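Visitor: Sharing a structure with you now.
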Amino acid sequence: MLDVVTMGEVMVQFNACANGPLRHVVYFEKHAAGAEANFAIGMSRLGFKVGFITRVSNDEFGKYILGVLRSEGIDISRVKVDREARSGIYFIQRNYPIPGRSSVIYYRKESAASRLSVDDIDPDYIRKAKLFHLTGITPALSKSCREASFKALDVAYHSDMKISIDTNIRLGLWSREEARETLMPMLKKANIILIEPQDAEILLEKREPKEIAEDLLSMGAEVVVVKLGAEGAFACTEDEEAMKPAFRVPIVDVTGAGDAFAAGFISSLMRGKTLEEALEAGNAAGALAITVKGDFENIPSHEDLEKFLAAQKRKTIILR
Ligand code: KDG
């Protein structure tokens, strides 16, 4: 029995060891990463049984990626080895041209994962879980990934399980119009939606958290979270709303913060916690993730998340 199933591309990330434009960077740190994989690893560390659907190359990077998923306790029985394609990779440029921000530069066209297709979607496997999670990255990878995403969503929608979608629009992968056309029908099937104001602008022409949430709730979502980066996050249901500020931590690389947040937030909801507690858990996981290079390395276990939150509460009392 699985708790969560998700699908997407896992890439090798080369994270610049120095700040500044990549042409001047000499050393890079190698990590495995990808929005859905970051979420999957987070959920696994936070105590849930997670299944992952993807294709990996048989090249050295594919073997590395498979090893990472396996070592994090992810079920890889639906990870296909595609011998005809290479692994997708990407580089991270840090703190330039905007201090505090990272840029992502992809080399992933026609990668093994972008060849994922409807044939890789086993309905019975998805139906074993309580939650199916998707982000806007997977359907943006290729036509066959888009079809596979729709198929998986359809299976989940017609089963007794919840669907969470993190919009994660990456304009390096598709246009605003393509993103809107694809993601709007997907969002109508979601129970939990995570979104950032810049994505809401593309999808709904709105930037105000409350207005965004109202629009998405009226489309059928049960919980909407608007991720506000350094400001924290706002969550809303039909009966309740909550806002929690982000925790202040030293920032090394913000890439992957949203995926860590999603794991903290959704794992808390699955444990029956309140909206406020779930926002705190999401913010805690997001905060820890950005204190290092690599997307998932600092996503905490449930026990460490509790320690982080307890320490934050002690700090608040001392400061008062
Ligand atoms: O959320 C972090 C991801 O954006 C990063 O790991 C790379 O998966 C990635 C993508 O497609 O942008």
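Chain labels follow the order of the structure tokens: the first chain is A, the next B, and so on; residue numbering restarts at 1 in every chain, and ligands are counted from 1 in their shown order.
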Using only C-alpha atoms, which protein or nucleic acid residues come within 8 Å of range 172-189 of chain A? Drop anything in the same chain fewer than 3 positions from it, and give the result as number ranges by chain.

Guide: A: 136-137, 139-141, 150, 153, 157, 163, 165, 167, 169, 193, 202-203, 216, 219-221

Visitor: DSSP on the backbone: what in range 133-254 of chain A comes out helix (DSSP H, G or I), as an NGL selection string?

Guide: :A and (138-140 or 143-157 or 176-187 or 197-204 or 209-218 or 229-231)

Visitor: Identify all residues of range 48-282 of chain A in strand (DSSP E or B) (DSSP on the backbone) and supply them as an MDAnalysis selection string.

Guide: chainID A and resid 50:57 75 79:82 89:94 102:107 131:135 162:166 192:195 223:227 233:236 241:244

Visitor: Quick one: of A:Gln13, A:Asn38, A:Ser218, A:Ser149, who's nearest to Asp259 in chain A, counting only C-alpha atoms?

Guide: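 That would be A:Asn38, the residue with the smallest distance to Asp259 in chain A.
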
Visitor: Compile the contact shell of Asp304 in chain A as a PyMOL selection string: residues with an atom at most 12 Å away, counting only C-alpha atoms, same-chain residues fewer than 5 positions apart removed.

Guide: chain A and resi 45-47+264+281+284-285+288+298-299+309-311

Visitor: At a cut-off of 7 Å around ligand 1, and using only C-alpha atoms and all ligand atoms, what residues come up? Please write them as a PyMOL selection string.

Guide: chain A and resi 9-10+33-35+104+137+170+255-259+295

Visitor: Export, as a PDB file, in the first residue's frame, the selected residues with N, CA, C and O atoms.

Guide:
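part-v2.pdb, written as the output of this step:
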```pdb
ATOM      1  N   GLU A   9      10.332  14.341 -13.805  1.00  0.00           N
ATOM      2  CA  GLU A   9      11.725  14.120 -14.200  1.00  0.00           C
ATOM      3  C   GLU A   9      12.681  14.362 -13.028  1.00  0.00           C
ATOM      4  O   GLU A   9      12.570  15.363 -12.326  1.00  0.00           O
ATOM      5  N   VAL A  10      13.602  13.437 -12.849  1.00  0.00           N
ATOM      6  CA  VAL A  10      14.689  13.674 -11.896  1.00  0.00           C
ATOM      7  C   VAL A  10      15.927  13.964 -12.734  1.00  0.00           C
ATOM      8  O   VAL A  10      16.256  13.206 -13.649  1.00  0.00           O
ATOM      9  N   ALA A  33      17.965  16.217  -8.479  1.00  0.00           N
ATOM     10  CA  ALA A  33      16.823  17.070  -8.105  1.00  0.00           C
ATOM     11  C   ALA A  33      15.765  17.071  -9.193  1.00  0.00           C
ATOM     12  O   ALA A  33      15.983  16.586 -10.307  1.00  0.00           O
ATOM     13  N   GLY A  34      14.650  17.653  -8.869  1.00  0.00           N
ATOM     14  CA  GLY A  34      13.498  17.759  -9.768  1.00  0.00           C
ATOM     15  C   GLY A  34      12.299  17.969  -8.859  1.00  0.00           C
ATOM     16  O   GLY A  34      12.233  17.355  -7.787  1.00  0.00           O
ATOM     17  N   ALA A  35      11.391  18.831  -9.279  1.00  0.00           N
ATOM     18  CA  ALA A  35      10.323  19.256  -8.369  1.00  0.00           C
ATOM     19  C   ALA A  35       9.579  18.076  -7.727  1.00  0.00           C
ATOM     20  O   ALA A  35       9.389  18.036  -6.514  1.00  0.00           O
ATOM     21  N   VAL A 104      17.943  28.876 -13.138  1.00  0.00           N
ATOM     22  CA  VAL A 104      18.048  27.469 -13.520  1.00  0.00           C
ATOM     23  C   VAL A 104      18.275  27.408 -15.036  1.00  0.00           C
ATOM     24  O   VAL A 104      17.525  28.025 -15.790  1.00  0.00           O
ATOM     25  N   ILE A 137       5.418  21.076 -14.083  1.00  0.00           N
ATOM     26  CA  ILE A 137       6.635  20.805 -14.860  1.00  0.00           C
ATOM     27  C   ILE A 137       6.452  19.570 -15.749  1.00  0.00           C
ATOM     28  O   ILE A 137       6.761  19.608 -16.949  1.00  0.00           O
ATOM     29  N   ARG A 170       7.172  26.797 -15.451  1.00  0.00           N
ATOM     30  CA  ARG A 170       8.555  27.116 -15.829  1.00  0.00           C
ATOM     31  C   ARG A 170       8.526  27.631 -17.259  1.00  0.00           C
ATOM     32  O   ARG A 170       8.350  26.849 -18.213  1.00  0.00           O
ATOM     33  N   THR A 255      16.422  27.321  -4.669  1.00  0.00           N
ATOM     34  CA  THR A 255      15.818  26.321  -5.560  1.00  0.00           C
ATOM     35  C   THR A 255      15.271  25.150  -4.743  1.00  0.00           C
ATOM     36  O   THR A 255      15.970  24.604  -3.888  1.00  0.00           O
ATOM     37  N   GLY A 256      14.034  24.783  -5.014  1.00  0.00           N
ATOM     38  CA  GLY A 256      13.450  23.624  -4.334  1.00  0.00           C
ATOM     39  C   GLY A 256      12.673  23.982  -3.078  1.00  0.00           C
ATOM     40  O   GLY A 256      12.045  23.110  -2.470  1.00  0.00           O
ATOM     41  N   ALA A 257      12.682  25.274  -2.698  1.00  0.00           N
ATOM     42  CA  ALA A 257      11.975  25.668  -1.468  1.00  0.00           C
ATOM     43  C   ALA A 257      10.481  25.317  -1.562  1.00  0.00           C
ATOM     44  O   ALA A 257       9.884  24.826  -0.599  1.00  0.00           O
ATOM     45  N   GLY A 258       9.902  25.556  -2.738  1.00  0.00           N
ATOM     46  CA  GLY A 258       8.468  25.309  -2.915  1.00  0.00           C
ATOM     47  C   GLY A 258       8.119  23.829  -2.791  1.00  0.00           C
ATOM     48  O   GLY A 258       7.054  23.466  -2.270  1.00  0.00           O
ATOM     49  N   ASP A 259       8.997  22.967  -3.261  1.00  0.00           N
ATOM     50  CA  ASP A 259       8.737  21.515  -3.190  1.00  0.00           C
ATOM     51  C   ASP A 259       8.830  21.045  -1.735  1.00  0.00           C
ATOM     52  O   ASP A 259       8.040  20.213  -1.283  1.00  0.00           O
ATOM     53  N   ASP A 295      18.405  20.526  -3.669  1.00  0.00           N
ATOM     54  CA  ASP A 295      17.001  20.854  -3.373  1.00  0.00           C
ATOM     55  C   ASP A 295      16.462  20.131  -2.153  1.00  0.00           C
ATOM     56  O   ASP A 295      15.687  20.687  -1.394  1.00  0.00           O
TER      57      ASP A 295
END
```

Visitor: What's around Glu280 in chain A at 10 Å? Count only C-alpha atoms, leave out sequence neighbours fewer than 4 positions away in its own chain, and write the answer as a PyMOL selection string.

Guide: chain A and resi 232-233+243-247+261+264-265+268+274-276+284-286+305+309

Visitor: Kindly save the residues from that selection, with C-alpha atoms included, as a short mmCIF file (atom, residue, chain, number, x, y, z; two decimals), in the first residue's frame.

Guide:
```cif
data_model
loop_
_atom_site.label_atom_id
_atom_site.label_comp_id
_atom_site.auth_asym_id
_atom_site.auth_seq_id
_atom_site.Cartn_x
_atom_site.Cartn_y
_atom_site.Cartn_z
CA GLY A 232 5.44 33.04 3.94
CA ALA A 233 2.25 31.39 2.75
CA MET A 243 -1.39 33.15 6.89
CA LYS A 244 2.00 32.26 8.34
CA PRO A 245 5.23 34.23 7.83
CA ALA A 246 8.34 32.50 6.58
CA PHE A 247 11.10 31.62 9.06
CA PHE A 261 7.07 23.49 1.45
CA GLY A 264 5.77 19.83 4.80
CA PHE A 265 2.29 21.21 4.18
CA SER A 268 0.78 17.73 7.90
CA THR A 274 -4.84 22.23 11.23
CA LEU A 275 -4.31 24.62 8.33
CA GLU A 276 -2.06 26.80 10.52
CA ALA A 284 9.82 24.98 8.22
CA ALA A 285 10.65 22.46 5.49
CA GLY A 286 11.07 25.29 2.95
CA LEU A 305 10.83 19.22 11.68
CA LEU A 309 9.56 24.27 15.16
#
```

Visitor: What's the 9 Å shell around Arg83 in chain A, counting only C-alpha atoms, without same-chain residues fewer than 4 positions away, as a list in words?

Guide: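 So, after excluding close chain neighbours, the residues are Val56, Ser57, Asn58, Asp59 and Ala112 of chain A.
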
Visitor: Excluding His24 in chain A and any residue of its chain fewer than 5 positions from it, enumerate the residues within 12 Å of it, using only C-alpha atoms, and give them as an NGL selection string.

Guide: :A and (16-19 or 93-94 or 96)

Visitor: Limited to all heavy atoms, could you put the picked residues into a file as an mmCIF file, in the first residue's frame?

Guide:
```
data_model
loop_
_atom_site.group_PDB
_atom_site.id
_atom_site.type_symbol
_atom_site.label_atom_id
_atom_site.label_comp_id
_atom_site.auth_asym_id
_atom_site.auth_seq_id
_atom_site.Cartn_x
_atom_site.Cartn_y
_atom_site.Cartn_z
ATOM 1 N N ALA A 16 26.405 25.852 -8.829
ATOM 2 C CA ALA A 16 27.654 26.634 -8.840
ATOM 3 C C ALA A 16 28.215 26.786 -7.432
ATOM 4 O O ALA A 16 27.486 27.131 -6.501
ATOM 5 C CB ALA A 16 27.373 28.008 -9.437
ATOM 6 N N CYS A 17 29.498 26.547 -7.295
ATOM 7 C CA CYS A 17 30.117 26.685 -5.966
ATOM 8 C C CYS A 17 30.376 28.154 -5.626
ATOM 9 O O CYS A 17 30.574 28.485 -4.466
ATOM 10 C CB CYS A 17 31.420 25.905 -5.902
ATOM 11 S SG CYS A 17 31.113 24.140 -5.904
ATOM 12 N N ALA A 18 30.392 29.009 -6.652
ATOM 13 C CA ALA A 18 30.590 30.439 -6.373
ATOM 14 C C ALA A 18 29.370 31.214 -6.863
ATOM 15 O O ALA A 18 28.665 30.767 -7.765
ATOM 16 C CB ALA A 18 31.837 30.928 -7.089
ATOM 17 N N ASN A 19 29.149 32.380 -6.290
ATOM 18 C CA ASN A 19 28.080 33.252 -6.771
ATOM 19 C C ASN A 19 28.512 33.898 -8.081
ATOM 20 O O ASN A 19 29.709 34.055 -8.325
ATOM 21 C CB ASN A 19 27.819 34.369 -5.756
ATOM 22 C CG ASN A 19 27.258 33.837 -4.463
ATOM 23 O OD1 ASN A 19 26.570 32.813 -4.468
ATOM 24 N ND2 ASN A 19 27.534 34.518 -3.369
ATOM 25 N N GLN A 93 22.787 28.966 -11.296
ATOM 26 C CA GLN A 93 23.588 30.180 -11.104
ATOM 27 C C GLN A 93 23.017 30.883 -9.877
ATOM 28 O O GLN A 93 21.818 31.138 -9.828
ATOM 29 C CB GLN A 93 23.436 31.046 -12.364
ATOM 30 C CG GLN A 93 24.048 32.420 -12.268
ATOM 31 C CD GLN A 93 24.044 33.106 -13.621
ATOM 32 O OE1 GLN A 93 24.723 32.714 -14.546
ATOM 33 N NE2 GLN A 93 23.257 34.153 -13.740
ATOM 34 N N ARG A 94 23.872 31.169 -8.912
ATOM 35 C CA ARG A 94 23.363 31.694 -7.643
ATOM 36 C C ARG A 94 23.689 33.171 -7.431
ATOM 37 O O ARG A 94 24.787 33.620 -7.744
ATOM 38 C CB ARG A 94 23.937 30.884 -6.474
ATOM 39 C CG ARG A 94 23.410 29.461 -6.444
ATOM 40 C CD ARG A 94 23.861 28.693 -5.220
ATOM 41 N NE ARG A 94 25.302 28.653 -5.092
ATOM 42 C CZ ARG A 94 25.969 29.205 -4.068
ATOM 43 N NH1 ARG A 94 25.331 29.811 -3.103
ATOM 44 N NH2 ARG A 94 27.279 29.117 -4.024
ATOM 45 N N TYR A 96 22.971 35.964 -8.760
ATOM 46 C CA TYR A 96 23.293 36.882 -9.856
ATOM 47 C C TYR A 96 22.289 36.668 -10.990
ATOM 48 O O TYR A 96 22.018 35.519 -11.306
ATOM 49 C CB TYR A 96 24.720 36.626 -10.377
ATOM 50 C CG TYR A 96 25.127 37.591 -11.459
ATOM 51 C CD1 TYR A 96 25.714 38.807 -11.149
ATOM 52 C CD2 TYR A 96 24.863 37.297 -12.802
ATOM 53 C CE1 TYR A 96 26.045 39.695 -12.149
ATOM 54 C CE2 TYR A 96 25.192 38.197 -13.798
ATOM 55 C CZ TYR A 96 25.785 39.390 -13.460
ATOM 56 O OH TYR A 96 26.099 40.280 -14.445
#
```

Visitor: What is the distance, in Å and to one decimal place, between CA of Leu269 in chain A and CA of Arg78 in chain A?

Guide: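 It comes out at 26.1 Å.
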
Visitor: So which one's closest to Gly42 in chain A, A:Glu72, A:Asp154, A:Asp122, A:Asp160? Using only C-alpha atoms, please.

Guide: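 Of A:Glu72, A:Asp154, A:Asp122, A:Asp160, the one nearest Gly42 in chain A is A:Glu72, counting only C-alpha atoms.
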
Visitor: In terms of the shortest atom-to-atom distance over only C-alpha atoms, which of A:Ser164, A:Ser71, A:Ser114, A:Gln198 is closest to Lys143 in chain A?

Guide: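 The shortest atom-to-atom distance to Lys143 in chain A comes from A:Ser114.
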
Visitor: Using only C-alpha atoms, determine which residues lie at most 7 Å from Val50 in chain A, disregarding the query and same-chain residues fewer than 3 positions distant; provide the list as a VMD selection string.

Guide: chain A and resid 2 to 5 40 44 74 to 75

Visitor: Would you mind reading off the distance between CA of Asp166 in chain A and CA of Ile195 in chain A, one decimal, in Å?

Guide: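 Interatomic distance, CA of Asp166 in chain A to CA of Ile195 in chain A: 5.9 Å.
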
Visitor: Would you compute the distance between CA of Pro97 in chain A and CA of Pro21 in chain A? Give it in Å to one decimal.

Guide: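 Calculated distance between CA of Pro97 in chain A and CA of Pro21 in chain A is 7.7 Å.
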
Visitor: Could you check which of A:Arg23, A:Lys313, A:Lys227, A:Lys130 is closest to Asp199 in chain A, using only C-alpha atoms?

Guide: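 For Asp199 in chain A, the nearest of the candidates is A:Lys227.
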
Visitor: Using only C-alpha atoms, can you tell me which of A:Val254, A:Ala263, A:Ala85, A:Val25 comes closest to Thr291 in chain A?

Guide: A:Val254
